[in-house]
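S.K.: The file below is target-v1.cif, mmCIF, C-alpha atoms and all ligand atoms:
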```cif
data_model
#
loop_
_atom_site.label_atom_id
_atom_site.label_comp_id
_atom_site.auth_asym_id
_atom_site.auth_seq_id
_atom_site.Cartn_x
_atom_site.Cartn_y
_atom_site.Cartn_z
CA MET F 771 0.00 0.00 0.00
CA CYS F 772 1.39 3.37 -1.01
CA LYS F 773 1.76 5.77 1.91
CA PRO F 774 1.87 9.57 2.04
CA ILE F 775 5.15 11.11 3.17
CA LYS F 776 6.32 14.45 4.52
CA ILE F 777 9.39 16.45 3.55
CA GLY F 778 9.79 19.00 6.31
CA ASP F 779 6.28 20.35 6.72
CA VAL F 780 5.25 19.65 3.12
CA ALA F 781 2.89 16.68 2.92
CA LEU F 782 3.01 14.54 -0.21
CA ALA F 783 0.12 12.25 -1.10
CA ASN F 784 2.48 9.50 -2.26
CA PRO F 785 6.22 8.84 -2.60
CA LEU F 786 6.56 9.49 -6.35
CA ILE F 787 8.65 12.43 -7.58
CA LEU F 788 9.50 13.74 -11.05
CA ALA F 789 13.28 14.26 -11.40
CA PRO F 790 14.76 17.59 -12.41
CA MET F 791 15.93 17.42 -16.05
CA ALA F 792 17.46 20.47 -17.71
CA GLY F 793 15.54 21.47 -20.82
CA ILE F 794 12.95 18.75 -20.18
CA THR F 795 11.10 19.24 -16.90
CA GLN F 796 9.72 22.59 -17.84
CA LEU F 797 6.24 23.53 -16.76
CA PRO F 798 4.34 21.63 -19.53
CA LEU F 799 5.89 18.24 -18.64
CA ARG F 800 5.55 18.90 -14.91
CA ARG F 801 1.83 19.54 -15.40
CA LEU F 802 1.39 16.21 -17.20
CA ALA F 803 3.22 14.37 -14.41
CA LYS F 804 0.96 15.97 -11.79
CA GLU F 805 -2.13 15.07 -13.80
CA GLN F 806 -1.03 11.42 -13.54
CA GLY F 807 -0.64 11.49 -9.77
CA CYS F 808 3.04 12.40 -9.28
CA ALA F 809 3.19 13.94 -5.78
CA LEU F 810 6.14 16.30 -6.24
CA VAL F 811 7.70 17.88 -9.31
CA VAL F 812 11.14 19.52 -9.42
CA SER F 813 12.15 22.31 -11.78
CA GLU F 814 15.16 21.87 -14.00
CA MET F 815 18.36 23.19 -12.41
CA ILE F 816 18.43 26.97 -12.33
CA SER F 817 21.60 29.05 -12.09
CA ALA F 818 21.80 30.92 -8.79
CA ASN F 819 23.96 33.56 -10.49
CA GLY F 820 21.37 34.00 -13.22
CA LEU F 821 18.59 34.43 -10.64
CA VAL F 822 20.50 36.97 -8.62
CA ARG F 823 21.34 38.93 -11.78
CA LYS F 824 17.63 38.75 -12.62
CA GLY F 825 18.30 37.39 -16.09
CA ARG F 826 15.00 37.33 -17.99
CA LYS F 827 15.51 33.80 -19.32
CA THR F 828 16.56 32.50 -15.90
CA LEU F 829 13.59 34.07 -14.12
CA GLU F 830 11.31 32.51 -16.73
CA LEU F 831 12.37 29.09 -15.40
CA LEU F 832 10.62 29.92 -12.12
CA GLU F 833 7.23 30.32 -13.77
CA SER F 834 4.73 27.94 -12.33
CA HIS F 835 1.06 26.95 -12.40
CA PRO F 836 -1.13 26.43 -9.32
CA SER F 837 -1.89 22.85 -10.37
CA GLU F 838 1.72 21.77 -9.97
CA GLN F 839 2.14 22.85 -6.36
CA PRO F 840 3.98 21.90 -4.27
CA LEU F 841 6.83 22.79 -6.61
CA CYS F 842 10.44 22.15 -5.67
CA VAL F 843 12.90 24.52 -7.37
CA GLN F 844 16.43 23.25 -7.89
CA ILE F 845 19.27 25.78 -7.87
CA PHE F 846 22.94 25.34 -8.67
CA GLY F 847 25.95 27.48 -7.86
CA LYS F 848 28.94 27.69 -5.59
CA GLU F 849 28.87 30.89 -3.53
CA PRO F 850 26.92 30.57 -0.25
CA ARG F 851 25.68 34.19 -0.39
CA VAL F 852 24.49 33.90 -3.99
CA MET F 853 22.83 30.54 -3.35
CA ALA F 854 21.04 31.98 -0.31
CA ASP F 855 19.77 34.95 -2.33
CA ALA F 856 18.71 32.65 -5.16
CA ALA F 857 16.78 30.45 -2.71
CA GLN F 858 14.93 33.54 -1.47
CA ILE F 859 14.07 34.55 -5.03
CA ALA F 860 12.78 31.04 -5.75
CA ARG F 861 10.70 31.17 -2.58
CA ALA F 862 9.30 34.60 -3.48
CA HIS F 863 8.19 33.12 -6.82
CA GLY F 864 6.25 30.38 -5.07
CA ALA F 865 8.69 27.50 -4.55
CA ALA F 866 7.35 25.25 -1.79
CA MET F 867 10.80 23.67 -1.42
CA VAL F 868 14.35 24.41 -2.55
CA ASP F 869 16.73 21.72 -3.79
CA ILE F 870 20.48 22.21 -4.06
CA ASN F 871 22.23 20.52 -6.97
CA LEU F 872 25.24 18.48 -5.83
CA GLY F 873 25.06 16.02 -8.70
CA CYS F 874 25.54 17.77 -12.02
CA SER F 875 28.74 16.47 -13.59
CA VAL F 876 28.68 18.52 -16.78
CA ARG F 877 32.18 19.97 -17.24
CA LYS F 878 31.01 23.59 -17.46
CA VAL F 879 29.26 23.31 -14.06
CA VAL F 880 31.96 21.27 -12.29
CA ARG F 881 34.69 23.65 -13.51
CA GLN F 882 32.93 26.51 -11.70
CA GLY F 883 33.03 24.43 -8.49
CA ALA F 884 29.25 23.84 -8.57
CA GLY F 885 27.14 20.65 -8.93
CA ALA F 886 29.05 17.45 -8.16
CA ALA F 887 32.26 19.44 -7.45
CA LEU F 888 30.68 20.51 -4.14
CA MET F 889 30.86 16.91 -2.92
CA ARG F 890 34.68 17.17 -2.91
CA ASP F 891 34.85 20.09 -0.49
CA LEU F 892 32.83 19.35 2.65
CA HIS F 893 33.96 22.54 4.35
CA GLY F 894 32.75 24.78 1.50
CA LEU F 895 29.62 22.66 1.19
CA ALA F 896 28.79 23.12 4.87
CA GLU F 897 28.95 26.91 4.48
CA LEU F 898 26.72 26.78 1.43
CA LEU F 899 24.13 24.50 3.06
CA CYS F 900 24.00 26.67 6.20
CA ALA F 901 23.52 29.83 4.14
CA VAL F 902 20.62 28.38 2.16
CA ARG F 903 19.08 26.81 5.27
CA ARG F 904 19.10 30.19 7.03
CA ALA F 905 17.73 32.03 3.99
CA VAL F 906 14.35 30.30 3.60
CA ASN F 907 11.68 28.88 5.87
CA VAL F 908 10.65 26.08 3.51
CA PRO F 909 12.14 22.57 3.28
CA VAL F 910 15.63 22.49 1.79
CA THR F 911 16.89 19.31 0.13
CA VAL F 912 20.00 18.19 -1.75
CA LYS F 913 20.35 15.96 -4.78
CA MET F 914 23.64 14.19 -5.30
CA ARG F 915 25.46 11.39 -7.05
CA SER F 916 27.49 8.63 -5.34
CA GLY F 917 30.41 11.04 -5.43
CA TRP F 918 33.71 10.69 -7.22
CA ASP F 919 34.37 7.05 -6.34
CA PRO F 920 31.87 4.22 -6.57
CA SER F 921 32.07 3.10 -2.92
CA GLY F 922 29.30 5.46 -1.80
CA ASP F 923 31.40 6.65 1.19
CA GLN F 924 31.30 10.23 -0.06
CA ALA F 925 27.52 10.09 -0.47
CA VAL F 926 27.13 8.90 3.12
CA ALA F 927 29.44 11.66 4.38
CA VAL F 928 27.56 14.33 2.41
CA GLY F 929 24.21 12.88 3.50
CA ARG F 930 25.23 13.05 7.18
CA LEU F 931 26.47 16.60 6.77
CA ALA F 932 23.22 17.61 5.07
CA GLN F 933 21.19 16.03 7.87
CA ASP F 934 23.28 17.67 10.61
CA LEU F 935 22.86 21.07 8.97
CA GLY F 936 19.08 20.85 8.86
CA MET F 937 18.31 19.64 5.34
CA ASP F 938 14.95 17.89 5.09
CA ALA F 939 15.72 15.25 2.47
CA VAL F 940 18.50 13.84 0.34
CA THR F 941 18.10 12.45 -3.17
CA ILE F 942 20.72 10.08 -4.46
CA HIS F 943 21.39 9.07 -8.06
CA PRO F 944 23.95 6.35 -7.35
CA ARG F 945 26.34 6.77 -10.25
CA THR F 946 29.68 8.50 -9.85
CA ALA F 947 30.26 11.95 -11.28
CA VAL F 948 32.68 10.46 -13.81
CA GLN F 949 30.21 7.79 -14.87
CA GLY F 950 27.71 10.20 -16.46
CA PHE F 951 24.83 7.93 -17.44
CA SER F 952 26.92 4.88 -18.31
CA GLY F 953 26.72 1.57 -16.46
CA LYS F 954 24.01 0.83 -13.92
CA ALA F 955 22.84 2.86 -10.95
CA ASP F 956 24.13 1.05 -7.84
CA TRP F 957 21.05 0.86 -5.65
CA SER F 958 23.09 -0.58 -2.75
CA VAL F 959 24.36 2.99 -2.17
CA ILE F 960 20.73 4.11 -1.69
CA ALA F 961 20.30 1.36 0.94
CA ARG F 962 23.51 2.46 2.72
CA LEU F 963 22.34 6.05 2.78
CA LYS F 964 18.94 5.07 4.13
CA GLU F 965 20.60 3.07 6.92
CA SER F 966 22.81 6.03 7.81
CA LEU F 967 20.21 8.81 7.92
CA SER F 968 16.96 9.60 9.66
CA ILE F 969 15.78 12.31 7.23
CA VAL F 970 13.86 11.43 4.05
CA VAL F 971 15.98 9.51 1.52
CA ILE F 972 14.82 9.67 -2.09
CA GLY F 973 16.13 6.96 -4.43
CA ASN F 974 16.76 7.68 -8.10
CA GLY F 975 18.33 5.97 -11.07
CA ASP F 976 17.20 3.54 -13.74
CA LEU F 977 13.51 3.41 -12.78
CA ARG F 978 12.08 2.39 -16.13
CA SER F 979 8.83 0.68 -15.14
CA PRO F 980 6.33 0.60 -12.27
CA GLN F 981 7.87 -2.69 -11.13
CA ASP F 982 11.32 -1.04 -10.93
CA VAL F 983 9.88 1.60 -8.59
CA VAL F 984 8.37 -1.01 -6.28
CA ASP F 985 11.61 -3.03 -6.40
CA MET F 986 13.74 -0.01 -5.50
CA GLN F 987 11.65 0.71 -2.43
CA GLN F 988 11.70 -2.93 -1.34
CA LYS F 989 15.43 -3.42 -1.94
CA THR F 990 16.70 -0.16 -0.46
CA GLY F 991 14.02 0.91 2.04
CA CYS F 992 14.10 4.44 0.60
CA ASP F 993 11.22 6.76 1.53
CA ALA F 994 10.42 8.08 -1.94
CA MET F 995 11.37 7.34 -5.52
CA MET F 996 12.31 9.87 -8.20
CA ILE F 997 11.67 9.11 -11.87
CA GLY F 998 13.52 10.90 -14.67
CA ARG F 999 13.98 9.68 -18.23
CA ALA F 1000 11.14 7.15 -18.09
CA ALA F 1001 8.63 9.99 -17.69
CA MET F 1002 9.59 11.57 -21.03
CA GLY F 1003 6.56 10.89 -23.21
CA ASN F 1004 5.23 8.55 -20.53
CA PRO F 1005 3.58 10.45 -17.67
CA TRP F 1006 1.46 7.33 -17.08
CA ILE F 1007 4.41 5.78 -15.29
CA PHE F 1008 3.13 7.67 -12.22
CA SER F 1009 -0.50 6.46 -12.38
CA GLN F 1010 0.62 2.93 -13.27
CA THR F 1011 3.05 2.82 -10.36
CA LEU F 1012 0.35 4.03 -7.99
CA ASP F 1013 -1.89 1.25 -9.33
CA LEU F 1014 0.79 -1.34 -8.70
CA MET F 1015 1.58 -0.03 -5.22
CA ASN F 1016 -2.09 -0.12 -4.29
CA GLY F 1017 -2.63 -3.69 -5.45
CA ARG F 1018 -4.38 -2.83 -8.72
CA THR F 1019 -3.29 -4.01 -12.16
CA PRO F 1020 -1.55 -1.06 -13.83
CA LYS F 1021 -3.69 0.28 -16.65
CA ALA F 1022 -2.08 1.20 -19.91
CA PRO F 1023 -3.38 4.40 -21.50
CA THR F 1024 -5.90 3.96 -24.28
CA LEU F 1025 -5.11 5.43 -27.68
CA SER F 1026 -7.64 8.18 -26.97
CA SER F 1027 -6.05 9.17 -23.70
CA ARG F 1028 -2.59 9.06 -25.30
CA LEU F 1029 -3.77 11.47 -27.98
CA GLU F 1030 -5.54 13.73 -25.46
CA THR F 1031 -2.39 13.87 -23.36
CA MET F 1032 -0.26 14.85 -26.37
CA LEU F 1033 -2.72 17.60 -27.24
CA ARG F 1034 -2.75 18.83 -23.65
CA TYR F 1035 1.05 18.87 -23.65
CA LEU F 1036 1.00 20.96 -26.81
CA HIS F 1037 -1.58 23.27 -25.26
CA HIS F 1038 0.43 23.66 -22.03
CA GLY F 1039 3.49 24.40 -24.20
CA VAL F 1040 1.75 27.14 -26.20
CA GLU F 1041 0.37 28.64 -23.00
CA GLN F 1042 3.85 28.73 -21.46
CA PHE F 1043 6.13 29.60 -24.35
CA GLY F 1044 3.91 31.09 -27.07
CA GLU F 1045 3.18 29.27 -30.31
CA THR F 1046 6.46 29.75 -32.19
CA ARG F 1047 8.70 28.43 -29.41
CA ALA F 1048 6.27 25.73 -28.37
CA VAL F 1049 5.97 24.34 -31.89
CA ARG F 1050 9.75 24.17 -32.22
CA MET F 1051 10.00 22.30 -28.91
CA MET F 1052 7.12 19.97 -29.58
CA ARG F 1053 8.57 18.74 -32.88
CA SER F 1054 10.76 16.29 -30.99
CA ARG F 1055 8.69 15.93 -27.84
CA LEU F 1056 5.43 14.80 -29.38
CA CYS F 1057 7.43 12.02 -31.02
CA TRP F 1058 8.31 10.63 -27.56
CA PHE F 1059 4.64 9.68 -27.18
CA VAL F 1060 4.50 7.49 -30.29
CA LYS F 1061 7.80 5.66 -29.80
CA GLY F 1062 7.25 2.03 -30.74
CA CYS F 1063 3.91 2.69 -32.49
CA PRO F 1064 3.34 1.33 -35.99
CA ARG F 1065 4.50 3.72 -38.71
CA SER F 1066 5.60 6.28 -36.16
CA SER F 1067 8.45 7.28 -38.50
CA GLY F 1068 5.80 8.73 -40.86
CA PHE F 1069 4.38 10.72 -37.95
CA ARG F 1070 7.88 11.95 -37.02
CA LYS F 1071 8.69 13.03 -40.57
CA ALA F 1072 5.44 14.97 -40.81
CA ILE F 1073 5.61 16.65 -37.43
CA VAL F 1074 9.15 18.03 -37.74
CA ARG F 1075 8.12 20.16 -40.72
CA LEU F 1076 5.08 21.80 -39.14
CA GLU F 1077 4.89 25.49 -38.25
CA THR F 1078 1.68 25.87 -36.23
CA ALA F 1079 0.04 24.23 -33.23
CA ARG F 1080 -3.14 23.67 -35.26
CA GLU F 1081 -1.20 21.67 -37.88
CA MET F 1082 0.46 19.64 -35.12
CA ALA F 1083 -2.86 18.84 -33.47
CA ASP F 1084 -4.42 17.88 -36.82
CA THR F 1085 -1.47 15.62 -37.69
CA ALA F 1086 -1.61 13.89 -34.29
CA GLN F 1087 -5.37 13.41 -34.63
CA ALA F 1088 -5.04 11.99 -38.14
CA TYR F 1089 -2.29 9.58 -37.03
CA PHE F 1090 -4.29 8.32 -34.06
CA ALA F 1091 -7.43 7.99 -36.21
CA TRP F 1092 -5.37 5.79 -38.53
CA LEU F 1093 -4.05 3.75 -35.60
CA LYS F 1094 -7.57 3.15 -34.32
CA ARG F 1095 -9.06 2.38 -37.70
CA ASP F 1096 -6.41 0.33 -39.44
CA TRP F 1097 -4.11 -0.94 -36.79
CA LEU F 1098 -6.54 -1.90 -34.08
CA LYS F 1099 -9.34 -3.07 -36.35
CA ASN F 1100 -8.44 -6.75 -36.02
CA ALA F 1101 -7.30 -6.53 -32.45
CA ASP F 1102 -9.01 -8.08 -29.50
CA PRO F 1103 -11.30 -5.42 -27.87
CA ALA F 1104 -9.30 -5.85 -24.66
CA GLU F 1105 -6.32 -4.65 -26.69
CA SER F 1106 -7.85 -1.24 -27.19
CA GLU F 1107 -5.66 -0.36 -24.27
CA PHE F 1108 -2.45 0.62 -25.86
CA THR F 1109 0.51 -1.31 -24.54
CA VAL F 1110 3.38 -0.37 -26.84
CA GLY F 1111 6.27 1.13 -24.95
CA LEU F 1112 5.34 -0.14 -21.49
C1 LIG J 1201 18.38 15.46 -20.07
C2 LIG J 1201 18.68 15.36 -18.60
C3 LIG J 1201 18.80 16.51 -17.86
C4 LIG J 1201 19.07 16.44 -16.47
N1 LIG J 1201 19.12 17.58 -15.75
C5 LIG J 1201 19.27 17.53 -14.41
C6 LIG J 1201 19.18 18.70 -13.62
O1 LIG J 1201 18.93 19.80 -14.12
N2 LIG J 1201 19.38 18.57 -12.26
C7 LIG J 1201 19.63 17.36 -11.68
O2 LIG J 1201 19.80 17.28 -10.46
N3 LIG J 1201 19.68 16.22 -12.41
C8 LIG J 1201 19.49 16.28 -13.75
N4 LIG J 1201 19.48 15.14 -14.48
C9 LIG J 1201 19.61 13.83 -13.78
C10 LIG J 1201 18.23 13.28 -13.42
O3 LIG J 1201 17.56 14.11 -12.50
C11 LIG J 1201 18.33 11.87 -12.82
O4 LIG J 1201 19.13 11.94 -11.68
C12 LIG J 1201 18.94 10.88 -13.79
O5 LIG J 1201 18.40 11.01 -15.08
C13 LIG J 1201 18.73 9.43 -13.29
O6 LIG J 1201 17.37 9.14 -13.19
P1 LIG J 1201 16.58 8.26 -14.34
O7 LIG J 1201 17.38 7.00 -14.52
O8 LIG J 1201 15.22 8.04 -13.76
O9 LIG J 1201 16.58 9.10 -15.59
C14 LIG J 1201 19.24 15.19 -15.85
C15 LIG J 1201 19.11 14.02 -16.61
C16 LIG J 1201 18.83 14.10 -17.97
C17 LIG J 1201 18.67 12.82 -18.76
#
```
Can you present the structure in this file as structure tokens?
M.R.:
Amino acid sequence: MCKPIKIGDVALANPLILAPMAGITQLPLRRLAKEQGCALVVSEMISANGLVRKGRKTLELLESHPSEQPLCVQIFGKEPRVMADAAQIARAHGAAMVDINLGCSVRKVVRQGAGAALMRDLHGLAELLCAVRRAVNVPVTVKMRSGWDPSGDQAVAVGRLAQDLGMDAVTIHPRTAVQGFSGKADWSVIARLKESLSIVVIGNGDLRSPQDVVDMQQKTGCDAMMIGRAAMGNPWIFSQTLDLMNGRTPKAPTLSSRLETMLRYLHHGVEQFGETRAVRMMRSRLCWFVKGCPRSSGFRKAIVRLETAREMADTAQAYFAWLKRDWLKNADPAESEFTVGL
């Protein structure tokens, strides 16, 4: 049975969280995840320097919608003062929680001493965590990798430090900073962290199916699970996981609900970014939703050339009408639930 959890004083209806993903977990995708029962969504990482300088593009990343609350805003940077100011700006824009990025291993970020580089300097990290903790009266969390060596010792040390300095939760993606996304996430590091801490531990890494989510909780004892790449084009992973956790058979989305979700995504995109930008973005993103479908390459070829949201909606509708008419016509009625890609 799936239980509610609390991070600081923020109550979450269930333990499922959408991971921060730069350029991906913008407002439109976060809204879809919430619609499918995800309890907490996290913004993509936002530069603390950019926020403090009030860069227009950076501030835009803080835009939110009431339906996605509680929203956790993730910030990255190195300077304690700047991070504290950035946390206050995020809070003033409605963040219900602030997450500090200790996991980004992209060279540009690590070279500035931010992201995963912070895990190498516990003294500097302590100053930064204290500054952010003092700056806001909402839960503060950190998201990290295993560290710079695979043992997980660094993650445990950073987790303990975070707990001692008043952080409310720790997320761990158990790959090293050098590993990038190669190899497998080592869930045993999540279990070690959970054994070592009393604050909320959020497990992350390689959750590709509802069963993976249940397995991670059983194998590691973590309090909540964070899903990243598997939610791209598949927000149903949240509703299906909730089904599985509550003893129901996970229901695959029907073709109609898949189409409706794509159209809602497009609509959320236009509302957030305006038509020109949204159409450019949606050229690749709508294709996520038809991965594995018959003749999806035809859909992809058509959609990348389109210039308006109306044309995109019409093309998606025509493709799904074809799927229903020609592809499903001989299928068992029980098959009208669409299972490709699960
Ligand atoms: C395109 C992309 C962008 C990401 N951006 C961020 C980010 O901004 N902040 C962060 O903490 N992690 C970021 N991550 C890492 C994810 O949050 C997550 O830790 C990782 O993808 C492992 O989870 P998964 O196996 O469920 O995808 C990103 C991952 C991807 C694939």
S.K.: Given a cut-off of 10 Å, what residues near ligand LIG 1201 (chain J) show up using only C-alpha atoms and all ligand atoms, put as a PyMOL selection string?
M.R.: chain F and resi 788-795+812-817+844-846+869-876+885-886+912-915+941-945+950-951+954-955+973-979+983+995-1002
S.K.: Please compute the atom CA of F:Val868-atom CA of F:Val926 distance, one decimal, in Å.
M.R.: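 Separation of atom CA of F:Val868 and atom CA of F:Val926: 20.9 Å.
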S.K.: Contacts of F:Leu898 at 10 Å or less, counting all atoms listed in the file, minus same-chain residues fewer than 3 places along, as a list in words?
M.R.: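 Skipping anything fewer than 3 positions along the chain leaves Gly847, Lys848, Glu849, Pro850, Arg851, Val852, Met853, Ala854, Ile870, Leu888, Leu892, His893, Gly894, Leu895, Ala901, Val902 and Arg903 of chain F.
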S.K.: Measuring atom to atom with all atoms listed in the file, identify which of F:Ala1072, F:Val928, F:Ala887, F:Cys1063 is nearest to F:Arg1028.
M.R.: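 Among F:Ala1072, F:Val928, F:Ala887, F:Cys1063, it is F:Cys1063 that comes nearest to F:Arg1028.
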S.K.: Kindly extract all protein, DNA and RNA residues lying within 12 Å of the coordinates (8.9, 22.6, -40.2) given in the file, considering all atoms listed in the file, and supply them as a PDB file with C-alpha atoms, in the coordinates of the input.
M.R.:
```pdb
ATOM      1  CA  THR F1046       6.460  29.750 -32.190  1.00  0.00           C
ATOM      2  CA  VAL F1049       5.970  24.340 -31.890  1.00  0.00           C
ATOM      3  CA  ARG F1050       9.750  24.170 -32.220  1.00  0.00           C
ATOM      4  CA  MET F1051      10.000  22.300 -28.910  1.00  0.00           C
ATOM      5  CA  MET F1052       7.120  19.970 -29.580  1.00  0.00           C
ATOM      6  CA  ARG F1053       8.570  18.740 -32.880  1.00  0.00           C
ATOM      7  CA  SER F1054      10.760  16.290 -30.990  1.00  0.00           C
ATOM      8  CA  ARG F1070       7.880  11.950 -37.020  1.00  0.00           C
ATOM      9  CA  LYS F1071       8.690  13.030 -40.570  1.00  0.00           C
ATOM     10  CA  ALA F1072       5.440  14.970 -40.810  1.00  0.00           C
ATOM     11  CA  ILE F1073       5.610  16.650 -37.430  1.00  0.00           C
ATOM     12  CA  VAL F1074       9.150  18.030 -37.740  1.00  0.00           C
ATOM     13  CA  ARG F1075       8.120  20.160 -40.720  1.00  0.00           C
ATOM     14  CA  LEU F1076       5.080  21.800 -39.140  1.00  0.00           C
ATOM     15  CA  GLU F1077       4.890  25.490 -38.250  1.00  0.00           C
ATOM     16  CA  THR F1078       1.680  25.870 -36.230  1.00  0.00           C
ATOM     17  CA  ALA F1079       0.040  24.230 -33.230  1.00  0.00           C
ATOM     18  CA  GLU F1081      -1.200  21.670 -37.880  1.00  0.00           C
ATOM     19  CA  MET F1082       0.460  19.640 -35.120  1.00  0.00           C
TER      20      MET F1082
END
```
S.K.: Which residue, F:Trp1006, F:Arg1018, F:Cys772, F:Leu1093, has the smallest gap to F:Ser1066 when you use only C-alpha atoms?
M.R.: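 Of the candidates, the smallest distance to F:Ser1066 is held by F:Leu1093.
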S.K.: Leaving out F:Pro1020 and any residue of its chain fewer than 2 positions from it, which residues lie within 8 Å of it when counting only C-alpha atoms, given as a VMD selection string?
M.R.: chain F and resid 1009 to 1014 1018 1022
S.K.: To one decimal in Å, tell me the separation between atom CA of F:His863 and atom CA of F:Leu829.
M.R.: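 Calculated distance between atom CA of F:His863 and atom CA of F:Leu829 is 9.1 Å.
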S.K.: Please check which residues have atoms at most 8 Å from (-3.8, 5.7, -29.9) in the file's coordinates, counting all atoms listed in the file, and write them as a list in words.
M.R.: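 I get Thr1024, Leu1025, Ser1026, Ser1027, Arg1028, Leu1029, Phe1090, Ala1091, Leu1093, Lys1094 and Phe1108 of chain F for the residues within 8 Å of that point.
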S.K.: Have a look at atom CA of F:Pro798 and atom CA of F:Val1060 and let me know their distance in Å, one decimal.
M.R.: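 Separation between atom CA of F:Pro798 and atom CA of F:Val1060: 17.8 Å.
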S.K.: Got a sec: who's within 10 Å of F:Asp855, counting all atoms listed in the file, leaving out chain neighbours fewer than 5 positions off, as a count of residues only?
M.R.: 11
S.K.: Show which residues sit within 7 Å of F:Ile969, as a ChimeraX atom specification. Count only C-alpha atoms, and ignore same-chain residues fewer than 3 positions away.
M.R.: /F:933,938-939
S.K.: Using only C-alpha atoms, pick whichever of F:Val948, F:Leu810, F:Leu899, F:Ile972 has the shortest atom-to-atom distance to F:Asp934.
M.R.: F:Leu899
S.K.: Using the atoms already present, construct N, CA and C atoms for stretch 931-946 of chain F and hand them back as a PDB file, keeping the file's coordinate frame.
M.R.:
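Output below, filename result-v9.pdb:
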```pdb
ATOM      1  N   LEU F 931      26.255  15.157   6.624  1.00  0.00           N
ATOM      2  CA  LEU F 931      26.470  16.600   6.770  1.00  0.00           C
ATOM      3  C   LEU F 931      25.144  17.340   6.502  1.00  0.00           C
ATOM      4  N   ALA F 932      24.483  16.954   5.437  1.00  0.00           N
ATOM      5  CA  ALA F 932      23.220  17.610   5.070  1.00  0.00           C
ATOM      6  C   ALA F 932      22.203  17.461   6.209  1.00  0.00           C
ATOM      7  N   GLN F 933      22.142  16.276   6.758  1.00  0.00           N
ATOM      8  CA  GLN F 933      21.190  16.030   7.870  1.00  0.00           C
ATOM      9  C   GLN F 933      21.569  16.895   9.083  1.00  0.00           C
ATOM     10  N   ASP F 934      22.847  16.906   9.428  1.00  0.00           N
ATOM     11  CA  ASP F 934      23.280  17.670  10.610  1.00  0.00           C
ATOM     12  C   ASP F 934      23.003  19.159  10.445  1.00  0.00           C
ATOM     13  N   LEU F 935      23.034  19.633   9.187  1.00  0.00           N
ATOM     14  CA  LEU F 935      22.860  21.070   8.970  1.00  0.00           C
ATOM     15  C   LEU F 935      21.404  21.445   8.681  1.00  0.00           C
ATOM     16  N   GLY F 936      20.502  20.495   8.900  1.00  0.00           N
ATOM     17  CA  GLY F 936      19.080  20.850   8.860  1.00  0.00           C
ATOM     18  C   GLY F 936      18.381  20.653   7.530  1.00  0.00           C
ATOM     19  N   MET F 937      19.013  19.922   6.595  1.00  0.00           N
ATOM     20  CA  MET F 937      18.310  19.640   5.340  1.00  0.00           C
ATOM     21  C   MET F 937      17.174  18.656   5.637  1.00  0.00           C
ATOM     22  N   ASP F 938      16.133  18.703   4.813  1.00  0.00           N
ATOM     23  CA  ASP F 938      14.950  17.890   5.090  1.00  0.00           C
ATOM     24  C   ASP F 938      14.908  16.582   4.308  1.00  0.00           C
ATOM     25  N   ALA F 939      15.681  16.500   3.241  1.00  0.00           N
ATOM     26  CA  ALA F 939      15.720  15.250   2.470  1.00  0.00           C
ATOM     27  C   ALA F 939      16.964  15.235   1.601  1.00  0.00           C
ATOM     28  N   VAL F 940      17.348  14.034   1.221  1.00  0.00           N
ATOM     29  CA  VAL F 940      18.500  13.840   0.340  1.00  0.00           C
ATOM     30  C   VAL F 940      18.061  12.920  -0.795  1.00  0.00           C
ATOM     31  N   THR F 941      18.336  13.348  -2.023  1.00  0.00           N
ATOM     32  CA  THR F 941      18.100  12.450  -3.170  1.00  0.00           C
ATOM     33  C   THR F 941      19.437  11.930  -3.637  1.00  0.00           C
ATOM     34  N   ILE F 942      19.471  10.647  -3.955  1.00  0.00           N
ATOM     35  CA  ILE F 942      20.720  10.080  -4.460  1.00  0.00           C
ATOM     36  C   ILE F 942      20.501   9.355  -5.791  1.00  0.00           C
ATOM     37  N   HIS F 943      21.298   9.778  -6.779  1.00  0.00           N
ATOM     38  CA  HIS F 943      21.390   9.070  -8.060  1.00  0.00           C
ATOM     39  C   HIS F 943      22.734   8.336  -7.999  1.00  0.00           C
ATOM     40  N   PRO F 944      22.698   7.026  -7.688  1.00  0.00           N
ATOM     41  CA  PRO F 944      23.950   6.350  -7.350  1.00  0.00           C
ATOM     42  C   PRO F 944      24.795   5.940  -8.552  1.00  0.00           C
ATOM     43  N   ARG F 945      25.257   6.938  -9.273  1.00  0.00           N
ATOM     44  CA  ARG F 945      26.340   6.770 -10.250  1.00  0.00           C
ATOM     45  C   ARG F 945      27.393   7.779  -9.846  1.00  0.00           C
ATOM     46  N   THR F 946      28.654   7.514 -10.193  1.00  0.00           N
ATOM     47  CA  THR F 946      29.680   8.500  -9.850  1.00  0.00           C
ATOM     48  C   THR F 946      29.587   9.678 -10.815  1.00  0.00           C
TER      49      THR F 946
END
```
